[in-house]
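Printed here is model27.cif (mmCIF, C-alpha atoms):
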data_upload
#
loop_
_atom_site.label_atom_id
_atom_site.label_comp_id
_atom_site.auth_asym_id
_atom_site.auth_seq_id
_atom_site.Cartn_x
_atom_site.Cartn_y
_atom_site.Cartn_z
CA MET K 1 167.30 168.18 72.86
CA ILE K 2 163.88 167.33 74.31
CA ILE K 3 161.97 164.47 72.67
CA GLU K 4 158.34 163.89 73.58
CA CYS K 5 157.61 160.40 74.86
CA PRO K 6 154.30 158.87 73.66
CA PHE K 7 153.78 156.99 76.92
CA PRO K 8 151.96 158.68 79.80
CA LYS K 9 153.57 159.18 83.18
CA LYS K 10 152.56 156.70 85.81
CA HIS K 11 150.61 158.20 88.70
CA PRO K 12 150.50 155.55 91.40
CA SER K 13 148.54 155.78 94.61
CA LEU K 14 150.39 157.57 97.37
CA LEU K 15 148.49 155.43 99.87
CA ARG K 16 150.28 152.20 98.97
CA ARG K 17 154.05 152.44 98.94
CA ASP K 18 154.69 149.00 97.54
CA ASP K 19 156.91 147.64 94.77
CA GLU K 20 154.55 148.91 92.06
CA TYR K 21 154.52 152.41 93.57
CA PHE K 22 158.31 152.61 93.68
CA MET K 23 158.72 151.05 90.21
CA SER K 24 156.29 153.67 88.91
CA MET K 25 158.61 156.34 90.26
CA ALA K 26 161.55 154.68 88.48
CA TYR K 27 159.41 154.49 85.32
CA ASN K 28 158.85 158.24 85.53
CA GLN K 29 162.62 158.68 85.57
CA ALA K 30 162.83 156.48 82.44
CA ILE K 31 160.37 158.85 80.74
CA GLU K 32 162.75 161.72 81.60
CA ALA K 33 165.61 159.80 79.98
CA TRP K 34 163.51 159.42 76.82
CA LYS K 35 162.80 163.15 76.76
CA HIS K 36 166.54 163.81 76.74
CA GLY K 37 167.25 161.31 73.97
CA GLU K 38 168.72 158.76 76.37
CA THR K 39 167.92 155.05 76.59
CA PRO K 40 164.81 155.07 78.81
CA VAL K 41 166.06 153.51 82.00
CA GLY K 42 165.17 155.05 85.35
CA ALA K 43 166.14 154.17 88.90
CA ILE K 44 165.33 155.22 92.44
CA ALA K 45 166.82 154.37 95.82
CA VAL K 46 164.50 153.78 98.76
CA LEU K 47 165.36 153.78 102.45
CA GLY K 48 162.48 152.65 104.62
CA ASP K 49 159.46 154.13 102.88
CA GLU K 50 161.21 157.19 101.46
CA ILE K 51 162.78 157.80 98.08
CA ILE K 52 166.25 159.16 98.82
CA ALA K 53 167.66 159.29 95.28
CA SER K 54 166.47 159.18 91.69
CA ALA K 55 168.15 159.25 88.30
CA TYR K 56 167.85 158.28 84.67
CA ASN K 57 170.39 157.23 82.07
CA SER K 58 172.62 160.17 81.11
CA VAL K 59 175.32 158.45 79.07
CA ILE K 60 174.86 160.68 76.02
CA THR K 61 174.17 163.89 77.93
CA LEU K 62 177.23 163.51 80.15
CA ASN K 63 179.35 161.75 77.51
CA ASP K 64 180.10 159.17 80.20
CA PRO K 65 179.69 155.41 79.63
CA THR K 66 179.22 154.91 83.38
CA ALA K 67 176.31 157.36 83.68
CA HIS K 68 173.69 154.64 83.94
CA ALA K 69 170.69 155.39 86.14
CA GLU K 70 171.76 152.75 88.66
CA MET K 71 175.30 154.10 89.02
CA GLN K 72 174.02 157.61 89.65
CA VAL K 73 171.47 156.42 92.21
CA ILE K 74 174.13 154.41 94.07
CA THR K 75 176.36 157.50 94.31
CA GLN K 76 173.51 159.75 95.42
CA ALA K 77 172.26 157.27 98.04
CA ALA K 78 175.73 156.76 99.53
CA LYS K 79 176.19 160.53 99.87
CA ILE K 80 172.76 160.97 101.42
CA ILE K 81 173.15 158.26 104.06
CA GLY K 82 176.84 159.00 104.60
CA ASP K 83 178.03 155.43 104.08
CA TRP K 84 179.07 153.40 101.04
CA ARG K 85 177.36 150.34 102.54
CA LEU K 86 173.77 150.42 101.30
CA ASN K 87 172.52 147.36 103.22
CA ASP K 88 169.16 148.94 104.09
CA VAL K 89 168.60 150.52 100.67
CA ALA K 90 166.38 149.11 97.94
CA ILE K 91 167.10 150.12 94.36
CA TYR K 92 164.28 150.02 91.83
CA VAL K 93 165.27 150.10 88.18
CA THR K 94 163.14 149.72 85.07
CA LYS K 95 165.54 147.35 83.24
CA GLU K 96 167.66 144.54 84.61
CA PRO K 97 171.10 145.92 85.51
CA CYS K 98 174.07 145.35 83.23
CA PRO K 99 177.35 143.79 84.45
CA MET K 100 178.75 147.16 85.58
CA CYS K 101 175.64 148.18 87.52
CA SER K 102 175.03 144.71 88.99
CA GLY K 103 178.62 144.61 90.20
CA ALA K 104 178.42 148.11 91.68
CA MET K 105 175.23 147.21 93.56
CA ILE K 106 176.84 144.11 95.00
CA MET K 107 180.04 146.01 95.88
CA GLY K 108 177.90 148.71 97.52
CA ARG K 109 176.05 146.02 99.47
CA VAL K 110 172.62 147.15 98.25
CA GLY K 111 170.07 145.22 100.31
CA THR K 112 167.36 144.76 97.68
CA ILE K 113 167.36 145.17 93.91
CA VAL K 114 164.01 145.32 92.13
CA PHE K 115 163.84 145.52 88.37
CA GLY K 116 161.09 145.70 85.79
CA THR K 117 162.00 144.06 82.52
CA SER K 118 164.67 141.40 82.06
CA ASP K 119 167.63 141.79 79.73
CA ARG K 120 168.54 138.46 78.11
CA LYS K 121 171.65 139.92 76.46
CA MET K 122 173.32 141.87 79.27
CA GLY K 123 171.29 141.32 82.44
CA LEU K 124 173.38 139.95 85.25
CA LEU K 125 170.69 139.33 87.86
CA GLY K 126 168.83 136.59 86.00
CA GLY K 127 168.50 137.57 82.34
CA CYS K 128 171.67 135.95 80.99
CA PHE K 129 173.45 135.16 84.28
CA ARG K 130 172.74 135.31 88.01
CA LEU K 131 175.71 137.15 89.51
CA GLN K 132 174.14 136.99 92.97
CA ASP K 133 174.53 133.19 92.92
CA LEU K 134 178.34 133.22 92.78
CA LYS K 135 179.52 131.34 95.84
CA THR K 136 182.57 133.57 96.32
CA LEU K 137 180.56 136.76 96.89
CA ASN K 138 180.56 138.24 100.37
CA HIS K 139 177.20 139.97 99.77
CA ARG K 140 174.04 138.67 98.13
CA PRO K 141 171.23 141.18 97.63
CA MET K 142 167.62 140.13 97.57
CA VAL K 143 166.52 140.35 93.93
CA LYS K 144 162.95 140.79 92.69
CA SER K 145 162.00 141.03 89.04
CA GLY K 146 158.99 141.53 86.83
CA ILE K 147 157.49 144.55 88.61
CA LEU K 148 155.65 146.54 85.88
CA ALA K 149 157.67 144.43 83.43
CA GLU K 150 155.28 144.90 80.51
CA ASP K 151 155.23 148.70 80.86
CA CYS K 152 159.02 148.88 81.19
CA SER K 153 159.54 146.54 78.25
CA LEU K 154 157.10 148.40 75.98
CA LEU K 155 158.84 151.68 76.77
CA MET K 156 162.23 150.27 75.73
CA GLN K 157 160.81 148.63 72.59
CA ALA K 158 159.04 151.82 71.50
CA PHE K 159 162.17 153.90 72.06
CA PHE K 160 164.39 151.66 69.94
CA THR K 161 161.71 151.22 67.26
CA MET K 162 161.44 155.00 66.92
CA ARG K 163 165.21 155.39 66.93
CA ARG K 164 165.61 152.80 64.15
CA GLU K 165 162.84 154.41 62.08
CA LYS K 166 164.42 157.85 62.38
CA SER K 167 167.82 156.43 61.44
CA TRP K 168 166.31 154.63 58.45
CA GLN K 169 164.47 157.77 57.33
CA ARG K 170 167.67 159.88 57.56
CA SER K 171 169.51 157.47 55.25
CA PHE K 172 167.11 158.37 52.40
CA LYS K 173 167.45 162.16 52.69
#
Could you rewrite the structure in this file as structure tokens?
Amino acid sequence: MIIECPFPKKHPSLLRRDDEYFMSMAYNQAIEAWKHGETPVGAIAVLGDEIIASAYNSVITLNDPTAHAEMQVITQAAKIIGDWRLNDVAIYVTKEPCPMCSGAMIMGRVGTIVFGTSDRKMGLLGGCFRLQDLKTLNHRPMVKSGILAEDCSLLMQAFFTMRREKSWQRSFK
């Protein structure tokens, strides 16, 4: 089922490949998730200046609770570079990673994690807990947050507002 998203795609400048450029690419993946009725979270993996993997949440589509955008991007990136150690890879994701995804990124030794909007309920890279600060970890990624945070947050809010309204409307039919 394809659902039209009311938010426009981001079209960043190809001249500047900075955090905003790469987060815009992750945002575009989140739009794809929306179109497929999935929670609008998108992620990309970057090696050097090149996007090597991209994905969006596919939990409903694949009927798989682990099919988060981050998990799919980790798997794709590892296959592409031929190593499970992703030390030189940066992952950009529109929403702060959950416990599963944060743990997988640390286990996969992702070098840099950049996220858009924080998640105060389930975010494990600063929203409700900072997993990367555990002293017992053998890998600590660099973490950046707040890149296109307002856009990413508005997208999530709009999605869940529309979902609640549709659910409420169905209860009266």
> So how far away is atom CA of Trp84 of chain K from atom CA of Gly123 of chain K, in Å?
Replying inline: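 Value for the atom CA of Gly123 of chain K-atom CA of Trp84 of chain K distance: 23.5 Å.
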> If you apply the PyMOL selection byres ((chain K and resi 21-34) around 6) to this file, what residues do you get, as a VMD selection string?
Replying inline: chain K and resid 9 to 10 12 17 to 20 35 to 38 40 to 44 56 to 57 92 to 93
Written as a PDB file with C-alpha atoms, in the coordinates of the input, which residues does the PyMOL selection byres ((chain K and resi 120) around 12) give for the file shown?
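File produced: expr_20.pdb:
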ATOM      1  CA  LYS K  95     165.540 147.350  83.240  1.00  0.00           C
ATOM      2  CA  GLU K  96     167.660 144.540  84.610  1.00  0.00           C
ATOM      3  CA  PRO K  97     171.100 145.920  85.510  1.00  0.00           C
ATOM      4  CA  CYS K  98     174.070 145.350  83.230  1.00  0.00           C
ATOM      5  CA  THR K 117     162.000 144.060  82.520  1.00  0.00           C
ATOM      6  CA  SER K 118     164.670 141.400  82.060  1.00  0.00           C
ATOM      7  CA  ASP K 119     167.630 141.790  79.730  1.00  0.00           C
ATOM      8  CA  LYS K 121     171.650 139.920  76.460  1.00  0.00           C
ATOM      9  CA  MET K 122     173.320 141.870  79.270  1.00  0.00           C
ATOM     10  CA  GLY K 123     171.290 141.320  82.440  1.00  0.00           C
ATOM     11  CA  LEU K 124     173.380 139.950  85.250  1.00  0.00           C
ATOM     12  CA  LEU K 125     170.690 139.330  87.860  1.00  0.00           C
ATOM     13  CA  GLY K 126     168.830 136.590  86.000  1.00  0.00           C
ATOM     14  CA  GLY K 127     168.500 137.570  82.340  1.00  0.00           C
ATOM     15  CA  CYS K 128     171.670 135.950  80.990  1.00  0.00           C
ATOM     16  CA  PHE K 129     173.450 135.160  84.280  1.00  0.00           C
ATOM     17  CA  ARG K 130     172.740 135.310  88.010  1.00  0.00           C
TER      18      ARG K 130
END
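The coordinates place atom CA of Asp151 of chain K at 18.7 Å from atom CA of Glu70 of chain K.
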>> If we count all atoms listed in the file and set the cut-off at 10 Å, which residues sit around Arg109 of chain K, ignoring sequence neighbours fewer than 5 positions away in its own chain? Please answer as a list in words.
In response: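 The residues that qualify are Trp84, Arg85, Leu86, Asn87, Asp88, Val89, Gly103, Ala104, Asn138, His139, Arg140 and Pro141 of chain K.
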Output file for the selection above: C-alpha atoms, as a PDB file, keeping the file's coordinate frame:
ATOM      1  CA  TRP K  84     179.070 153.400 101.040  1.00  0.00           C
ATOM      2  CA  ARG K  85     177.360 150.340 102.540  1.00  0.00           C
ATOM      3  CA  LEU K  86     173.770 150.420 101.300  1.00  0.00           C
ATOM      4  CA  ASN K  87     172.520 147.360 103.220  1.00  0.00           C
ATOM      5  CA  ASP K  88     169.160 148.940 104.090  1.00  0.00           C
ATOM      6  CA  VAL K  89     168.600 150.520 100.670  1.00  0.00           C
ATOM      7  CA  GLY K 103     178.620 144.610  90.200  1.00  0.00           C
ATOM      8  CA  ALA K 104     178.420 148.110  91.680  1.00  0.00           C
ATOM      9  CA  ASN K 138     180.560 138.240 100.370  1.00  0.00           C
ATOM     10  CA  HIS K 139     177.200 139.970  99.770  1.00  0.00           C
ATOM     11  CA  ARG K 140     174.040 138.670  98.130  1.00  0.00           C
ATOM     12  CA  PRO K 141     171.230 141.180  97.630  1.00  0.00           C
TER      13      PRO K 141
END
